[in-house]
Every structure is written in structure tokens, then in C-alpha cells.
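K.L.:
So here's my_file.cif (mmCIF, C-alpha atoms).
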data_coords
loop_
_atom_site.label_atom_id
_atom_site.label_comp_id
_atom_site.auth_asym_id
_atom_site.auth_seq_id
_atom_site.Cartn_x
_atom_site.Cartn_y
_atom_site.Cartn_z
CA MET F 605 152.89 113.59 178.80
CA THR F 606 150.98 110.42 179.07
CA ARG F 607 148.28 109.88 176.35
CA THR F 608 145.14 108.20 177.42
CA LEU F 609 142.75 106.07 175.48
CA GLY F 610 140.37 109.01 175.43
CA ASP F 611 143.07 111.16 173.84
CA ILE F 612 143.62 108.62 171.13
CA THR F 613 139.91 108.33 170.54
CA ASN F 614 139.48 112.07 170.23
CA GLU F 615 142.45 112.27 167.90
CA LEU F 616 140.98 109.58 165.68
CA LYS F 617 137.67 111.41 165.58
CA GLU F 618 139.35 114.65 164.59
CA LYS F 619 141.80 113.28 162.05
CA VAL F 620 139.97 110.30 160.58
CA LEU F 621 136.31 110.05 161.43
CA ALA F 622 135.39 113.74 161.00
CA PRO F 623 136.93 114.06 157.50
CA ALA F 624 135.46 110.69 156.55
CA LYS F 625 132.04 111.86 157.69
CA GLU F 626 132.39 115.10 155.77
CA GLU F 627 133.46 113.20 152.65
CA ALA F 628 130.60 110.78 153.07
CA GLU F 629 128.13 113.64 153.46
CA ARG F 630 129.63 115.32 150.36
CA MET F 631 129.34 112.13 148.33
CA VAL F 632 125.77 111.56 149.51
CA GLY F 633 124.92 115.17 148.59
CA GLU F 634 126.44 114.74 145.13
CA ALA F 635 124.62 111.44 144.70
CA ARG F 636 121.34 113.04 145.69
CA SER F 637 122.02 115.96 143.34
CA GLN F 638 122.80 113.58 140.48
CA ALA F 639 119.75 111.51 141.34
CA ASP F 640 117.55 114.61 141.32
CA SER F 641 119.06 115.65 137.97
CA ILE F 642 118.51 112.19 136.53
CA ILE F 643 114.93 112.14 137.81
CA LEU F 644 114.31 115.62 136.36
CA GLN F 645 115.76 114.60 132.98
CA ALA F 646 113.73 111.39 133.08
CA LYS F 647 110.56 113.36 133.78
CA LYS F 648 111.35 115.76 130.91
CA GLU F 649 112.03 112.83 128.56
CA ALA F 650 108.85 111.09 129.67
CA SER F 651 106.91 114.31 129.09
CA ARG F 652 108.50 114.71 125.63
CA ILE F 653 107.72 111.11 124.70
CA GLU F 654 104.17 111.56 125.97
CA ASP F 655 103.75 114.78 123.94
CA GLU F 656 105.17 113.12 120.83
CA ALA F 657 102.93 110.11 121.33
CA ARG F 658 99.92 112.39 121.78
CA LEU F 659 100.86 114.36 118.65
CA GLN F 660 101.48 111.18 116.66
CA ALA F 661 98.16 109.76 117.83
CA ALA F 662 96.40 112.96 116.76
CA LEU F 663 98.14 112.88 113.36
CA THR F 664 97.30 109.20 112.93
CA LEU F 665 93.67 109.83 113.84
CA LYS F 666 93.49 112.76 111.42
CA GLN F 667 95.04 110.67 108.64
CA MET F 668 92.61 107.84 109.35
CA GLU F 669 89.69 110.27 109.17
CA THR F 670 91.04 111.65 105.87
CA ASP F 671 91.53 108.14 104.48
CA MET F 672 88.07 107.06 105.57
CA SER F 673 86.51 110.18 104.06
CA MET F 674 88.35 109.61 100.78
CA ALA F 675 87.42 105.91 100.79
CA ALA F 676 83.77 106.79 101.39
CA ARG F 677 83.84 109.36 98.58
CA ASN F 678 85.53 106.92 96.19
CA PHE F 679 83.00 104.22 97.09
CA THR F 680 80.14 106.65 96.47
CA LEU F 681 81.59 107.68 93.10
CA LEU F 682 82.18 104.05 92.13
CA LEU F 683 78.65 103.11 93.16
CA GLN F 684 77.24 106.02 91.16
CA GLU F 685 79.33 105.07 88.14
CA ARG F 686 78.15 101.47 88.28
CA LEU F 687 74.55 102.53 88.71
CA GLU F 688 74.93 104.83 85.73
CA GLN F 689 76.47 102.06 83.65
CA ALA F 690 73.79 99.61 84.74
CA ILE F 691 70.91 101.96 83.95
CA VAL F 692 71.77 104.66 81.42
CA ARG F 693 73.61 102.72 78.72
CA PRO F 694 71.35 99.63 78.69
CA VAL F 695 68.23 101.81 78.47
CA VAL F 696 69.73 104.01 75.74
CA GLU F 697 71.02 100.99 73.81
CA ASN F 698 67.64 99.26 74.00
CA GLU F 699 65.82 102.36 72.75
CA VAL F 700 68.30 103.11 69.94
CA LYS F 701 68.37 99.48 68.86
CA SER F 702 64.57 99.18 68.83
CA VAL F 703 64.33 102.25 66.58
CA LEU F 704 67.13 101.19 64.21
CA ASP F 705 65.68 97.70 63.91
CA GLN F 706 62.60 99.21 62.26
CA LYS F 707 63.13 98.74 58.52
CA ASP F 708 61.34 101.93 57.47
CA PHE F 709 63.29 104.11 59.90
CA LEU F 710 66.61 102.42 59.13
CA SER F 711 66.14 102.68 55.37
CA SER F 712 65.14 106.33 55.60
CA ILE F 713 68.15 107.33 57.70
CA ILE F 714 70.48 105.30 55.45
CA GLU F 715 69.08 107.09 52.40
CA ILE F 716 69.65 110.50 53.99
CA VAL F 717 73.19 109.67 55.12
CA ILE F 718 74.26 108.14 51.81
CA THR F 719 72.84 111.05 49.84
CA GLU F 720 74.70 113.58 52.00
CA PHE F 721 77.86 111.50 51.94
CA ALA F 722 77.81 111.35 48.14
CA ARG F 723 77.12 115.08 47.95
CA ILE F 724 80.05 115.97 50.22
CA HIS F 725 82.62 113.50 48.93
CA GLY F 726 81.53 113.45 45.30
CA LYS F 727 79.95 110.73 43.23
CA GLU F 728 83.34 109.47 42.08
CA SER F 729 83.96 108.10 45.59
CA THR F 730 82.91 104.57 46.45
CA ILE F 731 80.75 104.48 49.55
CA GLU F 732 80.94 101.37 51.70
CA ILE F 733 78.22 100.43 54.13
CA LEU F 734 78.18 97.61 56.65
CA LEU F 735 74.87 96.22 57.92
CA PRO F 736 73.81 93.43 60.30
CA GLU F 737 73.85 90.00 58.67
CA ARG F 738 70.43 89.28 60.14
CA GLN F 739 68.91 92.10 58.05
CA LYS F 740 70.38 90.99 54.75
CA GLU F 741 67.17 89.48 53.45
CA VAL F 742 65.17 92.59 54.31
CA LEU F 743 67.57 95.27 53.02
CA GLU F 744 69.59 93.76 50.17
CA GLU F 745 66.97 94.16 47.45
CA TRP F 746 66.02 97.62 48.74
CA PHE F 747 69.62 98.77 48.34
CA ILE F 748 69.86 97.44 44.83
CA ASN F 749 66.69 99.17 43.72
CA LYS F 750 67.33 102.39 45.59
CA PHE F 751 70.98 103.26 45.19
CA LEU F 752 73.00 101.28 42.71
CA GLN F 753 71.76 103.37 39.79
CA ARG F 754 72.05 106.62 41.74
CA THR F 755 75.67 106.50 42.85
CA ALA F 756 77.92 106.80 39.85
CA GLY F 757 80.99 106.13 41.96
CA GLY F 758 79.48 102.94 43.29
CA LEU F 759 78.05 101.67 46.52
CA MET F 760 79.51 98.65 48.28
CA VAL F 761 77.09 96.95 50.65
CA HIS F 762 78.31 94.34 53.11
CA PHE F 763 76.34 92.37 55.65
CA SER F 764 78.42 91.37 58.66
CA ASP F 765 77.99 89.62 61.99
CA LYS F 766 80.31 92.26 63.44
CA VAL F 767 77.50 94.80 63.18
CA ASP F 768 74.86 94.09 65.80
CA PHE F 769 72.41 96.83 64.85
CA GLY F 770 72.29 100.04 62.85
CA PHE F 771 75.02 100.43 60.24
CA ARG F 772 78.54 101.68 59.59
CA LEU F 773 79.36 103.90 56.66
CA GLY F 774 82.58 105.18 55.13
CA LEU F 775 84.64 105.55 51.98
CA ASP F 776 86.02 102.34 50.55
CA ASP F 777 89.62 103.55 50.33
CA THR F 778 89.89 104.87 53.91
CA GLY F 779 88.94 101.90 56.07
CA ALA F 780 87.32 104.33 58.54
CA TYR F 781 83.60 104.22 59.32
CA PHE F 782 80.97 106.36 60.96
CA ASN F 783 79.18 104.10 63.41
CA PHE F 784 75.42 104.64 63.30
CA GLY F 785 74.81 101.93 65.86
CA GLU F 786 77.05 101.71 68.90
CA GLY F 787 78.20 105.23 68.05
CA LEU F 788 74.68 106.56 68.54
CA VAL F 789 74.43 104.72 71.84
CA GLU F 790 77.65 106.42 72.99
CA VAL F 791 76.40 109.86 71.94
CA PHE F 792 73.00 109.50 73.60
CA SER F 793 74.55 107.94 76.72
CA GLU F 794 76.90 110.91 77.08
CA PHE F 795 73.93 113.21 76.61
CA CYS F 796 71.81 111.42 79.23
CA SER F 797 74.52 110.70 81.82
CA PRO F 798 74.89 114.25 83.24
CA ARG F 799 71.13 114.55 83.60
CA PHE F 800 70.93 111.13 85.23
CA ARG F 801 73.62 112.12 87.74
CA LYS F 802 71.94 115.45 88.40
CA TYR F 803 68.47 114.09 89.13
CA PHE F 804 69.18 110.65 90.55
CA LEU F 805 72.73 110.75 91.92
CA ALA F 806 72.99 114.26 93.33
CA GLN F 807 76.04 114.38 95.61
CA ASP F 808 76.10 115.86 99.07
CA GLU F 809 78.21 119.01 99.03
CA GLY F 810 79.82 117.88 102.25
CA LEU F 811 81.44 114.86 100.61
#
Would you mind writing the file's structure down as C-alpha cells?

P.N.:
Amino acid sequence: MTRTLGDITNELKEKVLAPAKEEAERMVGEARSQADSIILQAKKEASRIEDEARLQAALTLKQMETDMSMAARNFTLLLQERLEQAIVRPVVENEVKSVLDQKDFLSSIIEIVITEFARIHGKESTIEILLPERQKEVLEEWFINKFLQRTAGGLMVHFSDKVDFGFRLGLDDTGAYFNFGEGLVEVFSEFCSPRFRKYFLAQDEGL
């Protein structure tokens, strides 16, 4: 049987072109399926990254707000502390110093303290008192007349530039002193500070 060109063409279509077309369609389908899967995964990843970025941004914002709130509170506390230091202690020190610089008041409080010290520790103990050098001329003779014959154990009086105002008193063999100068300023400052904060530096409860 004689084969024509048409027969050959049809045979090629059936045996070569048709399977090739089917394979091509299958490959295109798989490629599209893979592309769709890749696109879907990409969208999911993009959504995850976006959610993480949004969450991180929210956390960062919250941390910034917390840090700013803490910084504002610390600044307020620091400002209050500096105001307190600038007002309370200088005022207290000025008042205490002005009172202790009065000879009559200073001599009277020294007399009371020395008498009580001698009573508690016994007259056999040597009492040592440190006074401001600038008050030596005013107080030295008063001490001699007032106490040297009263304290059997002795009274050592020193005038020192290390004492600005008031006096320091202790037992000669201990080296420890009660500070009736700066010590009084500390005590009165601690007494006044809470009241100063309460009436002049009242904090907002929201801080």
C-alpha cells in the first residue's frame, strides 16, 4: 500500500506531536502549580514578616514609652532632690549656725552637754571638746572659769579650724565625737525634708 505525504503527516501527529503536546501541557501545568505554590508561600512569608514587623514596632513603641516615662520620673525626682538640697539644707544650716554663733546660747548648751556627759561617763573620764578657732578669744576664758574646777577628771578644750560652727564633744580616749554643729544641721534637715517634699514637691500619683 502506497503511503502518502498526508499519511506520514498524520502518523507524525499521532506518534510525535500529540505526546509532545501532552507533555508540554503537563509541564506547563506543573510549572503553574509550582508557581502558584511559590506565590502562596511568598504571600504567607510576606504576611508573617509584616505581622512580626508590626509586633516588633508595637513592642519598640511600648518600650520607648516605658523608657520615656521612667526618664521623666527620674528627671522629676532628680530635680526635686536638687531643689531640696538647694533650699532645705542651706536654710537649716544658716539658722542653726546663726543660733550657735550666739555666745550665750552656745555657752549654755555646752554647759548642759558637758554636765550630762560627766554625769553619765563619770568624773574620772576626760572630756574633750573642739570649738571653732574664731571663737577662741570669746570662749577660752569662760571655759577656764566655768569648768576646769568642776570636772575632776579633766576637760580638754581645743580650738580648731576644722570646726566651722558649734562644737564637737567626746571622751579623750575614744577619738569619737558628737557633732553639735554639722550634726545638728543633718538632723534638722532630715526632719524638714519630708515636710518640704510634702508641701512643695508633691508628686502626681500618675507618675

K.L.:
Neighbours of range 780-788 of chain F within 9 Å (only C-alpha atoms; same-chain residues fewer than 4 positions away dropped), as number ranges by chain?

P.N.:
F: 697, 700-701, 704, 732-734, 767-776, 792-793

K.L.:
One decimal, Å: what's the distance from CA of Phe795 in chain F over to CA of Glu688 in chain F, could you say?

P.N.:
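Distance between the two atoms: 12.4 Å.
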
K.L.:
Write out as a PyMOL selection string each polymer residue whose atoms come within 8 Å of range 692-694 of chain F, counting all atoms listed in the file; drop sequence neighbours fewer than 6 positions from it.

P.N.:
chain F and resi 789-790+793+796-797+800

K.L.:
Given only C-alpha atoms as the basis, pick out the residue of F:Asp655, F:Glu649, F:Glu685, F:Asp640 nearest to Phe804 in chain F.

P.N.:
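With only C-alpha atoms as the atom set, the closest residue is F:Glu685.
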
K.L.:
By how many Å are CA of Glu715 in chain F and CA of Asn698 in chain F apart?

P.N.:
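If I compute the distance from CA of Glu715 in chain F to CA of Asn698 in chain F, I get 23.0 Å.
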
K.L.:
Any chance you could resolve the PyMOL selection byres ((chain F and resi 737) around 8) against this file and give the residues as number ranges by chain?

P.N.:
F: 735-736, 738-740, 763-765, 767

K.L.:
Measure the distance from CA of Lys707 in chain F to CA of Trp746 in chain F in Å and round it to one decimal.

P.N.:
10.3 Å

K.L.:
Name the closest residue to Ser712 in chain F among the candidates F:Gln689, F:Ala639, F:Glu699, F:Leu743; distances are taken between atoms, counting all atoms listed in the file.

P.N.:
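Smallest separation from Ser712 in chain F among the options: F:Leu743.
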
K.L.:
Just checking: using only C-alpha atoms, which residue out of F:Ile731, F:Ile748, F:Arg636, F:Arg630 ends up closest to Thr778 in chain F?

P.N.:
F:Ile731

K.L.:
Produce the centre coordinates and the three edge lengths, each in Å to one decimal, of the box along x, y and z that contains all listed atoms of range 629-646 of chain F with 5 Å added on each side, as lines of an AutoDock Vina configuration file.

P.N.:
center_x = 121.7
center_y = 113.7
center_z = 143.2
size_x = 25.9
size_y = 14.6
size_z = 30.5

K.L.:
Please reconstruct the missing atoms of range 628-660 of chain F (target: N, CA and C atoms) and return them as a short mmCIF file (atom, residue, chain, number, x, y, z; two decimals), keeping the file's coordinate frame.

P.N.:
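result-v9.cif, written as the output of this step:
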data_model
loop_
_atom_site.label_atom_id
_atom_site.label_comp_id
_atom_site.auth_asym_id
_atom_site.auth_seq_id
_atom_site.Cartn_x
_atom_site.Cartn_y
_atom_site.Cartn_z
N ALA F 628 131.79 111.61 153.30
CA ALA F 628 130.60 110.78 153.07
C ALA F 628 129.37 111.66 152.82
N GLU F 629 129.26 112.73 153.64
CA GLU F 629 128.13 113.64 153.46
C GLU F 629 128.19 114.33 152.09
N ARG F 630 129.47 114.69 151.68
CA ARG F 630 129.63 115.32 150.36
C ARG F 630 129.22 114.37 149.24
N MET F 631 129.65 113.13 149.36
CA MET F 631 129.34 112.13 148.33
C MET F 631 127.83 111.85 148.28
N VAL F 632 127.23 111.78 149.46
CA VAL F 632 125.77 111.56 149.51
C VAL F 632 125.05 112.74 148.87
N GLY F 633 125.54 113.97 149.17
CA GLY F 633 124.92 115.17 148.59
C GLY F 633 125.03 115.16 147.07
N GLU F 634 126.25 114.81 146.59
CA GLU F 634 126.44 114.74 145.13
C GLU F 634 125.54 113.67 144.52
N ALA F 635 125.46 112.53 145.20
CA ALA F 635 124.62 111.44 144.70
C ALA F 635 123.16 111.87 144.64
N ARG F 636 122.73 112.56 145.68
CA ARG F 636 121.34 113.04 145.69
C ARG F 636 121.12 114.06 144.58
N SER F 637 122.13 114.95 144.41
CA SER F 637 122.02 115.96 143.34
C SER F 637 121.95 115.30 141.97
N GLN F 638 122.83 114.30 141.76
CA GLN F 638 122.80 113.58 140.48
C GLN F 638 121.49 112.83 140.29
N ALA F 639 121.02 112.24 141.41
CA ALA F 639 119.75 111.51 141.34
C ALA F 639 118.60 112.46 140.99
N ASP F 640 118.60 113.63 141.63
CA ASP F 640 117.55 114.61 141.32
C ASP F 640 117.63 115.05 139.86
N SER F 641 118.89 115.25 139.37
CA SER F 641 119.06 115.65 137.97
C SER F 641 118.58 114.56 137.01
N ILE F 642 118.94 113.31 137.38
CA ILE F 642 118.51 112.19 136.53
C ILE F 642 116.98 112.08 136.53
N ILE F 643 116.40 112.22 137.71
CA ILE F 643 114.93 112.14 137.81
C ILE F 643 114.28 113.26 137.01
N LEU F 644 114.86 114.48 137.11
CA LEU F 644 114.31 115.62 136.36
C LEU F 644 114.40 115.37 134.86
N GLN F 645 115.58 114.89 134.41
CA GLN F 645 115.76 114.60 132.98
C GLN F 645 114.80 113.49 132.52
N ALA F 646 114.64 112.50 133.40
CA ALA F 646 113.73 111.39 133.08
C ALA F 646 112.30 111.90 132.93
N LYS F 647 111.91 112.79 133.85
CA LYS F 647 110.56 113.36 133.78
C LYS F 647 110.38 114.17 132.50
N LYS F 648 111.42 114.97 132.15
CA LYS F 648 111.35 115.76 130.91
C LYS F 648 111.24 114.85 129.68
N GLU F 649 112.07 113.77 129.69
CA GLU F 649 112.03 112.83 128.56
C GLU F 649 110.68 112.13 128.48
N ALA F 650 110.16 111.74 129.64
CA ALA F 650 108.85 111.09 129.67
C ALA F 650 107.77 112.04 129.15
N SER F 651 107.87 113.32 129.55
CA SER F 651 106.91 114.31 129.09
C SER F 651 107.03 114.52 127.58
N ARG F 652 108.30 114.54 127.07
CA ARG F 652 108.50 114.71 125.63
C ARG F 652 107.94 113.53 124.86
N ILE F 653 108.22 112.32 125.35
CA ILE F 653 107.72 111.11 124.70
C ILE F 653 106.19 111.10 124.70
N GLU F 654 105.63 111.51 125.85
CA GLU F 654 104.17 111.56 125.97
C GLU F 654 103.57 112.57 124.99
N ASP F 655 104.23 113.75 124.88
CA ASP F 655 103.75 114.78 123.94
C ASP F 655 103.86 114.29 122.50
N GLU F 656 104.99 113.64 122.18
CA GLU F 656 105.17 113.12 120.83
C GLU F 656 104.14 112.04 120.52
N ALA F 657 103.91 111.18 121.52
CA ALA F 657 102.93 110.11 121.33
C ALA F 657 101.54 110.69 121.12
N ARG F 658 101.22 111.74 121.92
CA ARG F 658 99.92 112.39 121.78
C ARG F 658 99.78 113.04 120.39
N LEU F 659 100.87 113.71 119.96
CA LEU F 659 100.86 114.36 118.65
C LEU F 659 100.74 113.31 117.53
N GLN F 660 101.52 112.23 117.67
CA GLN F 660 101.48 111.18 116.66
C GLN F 660 100.10 110.54 116.61
#
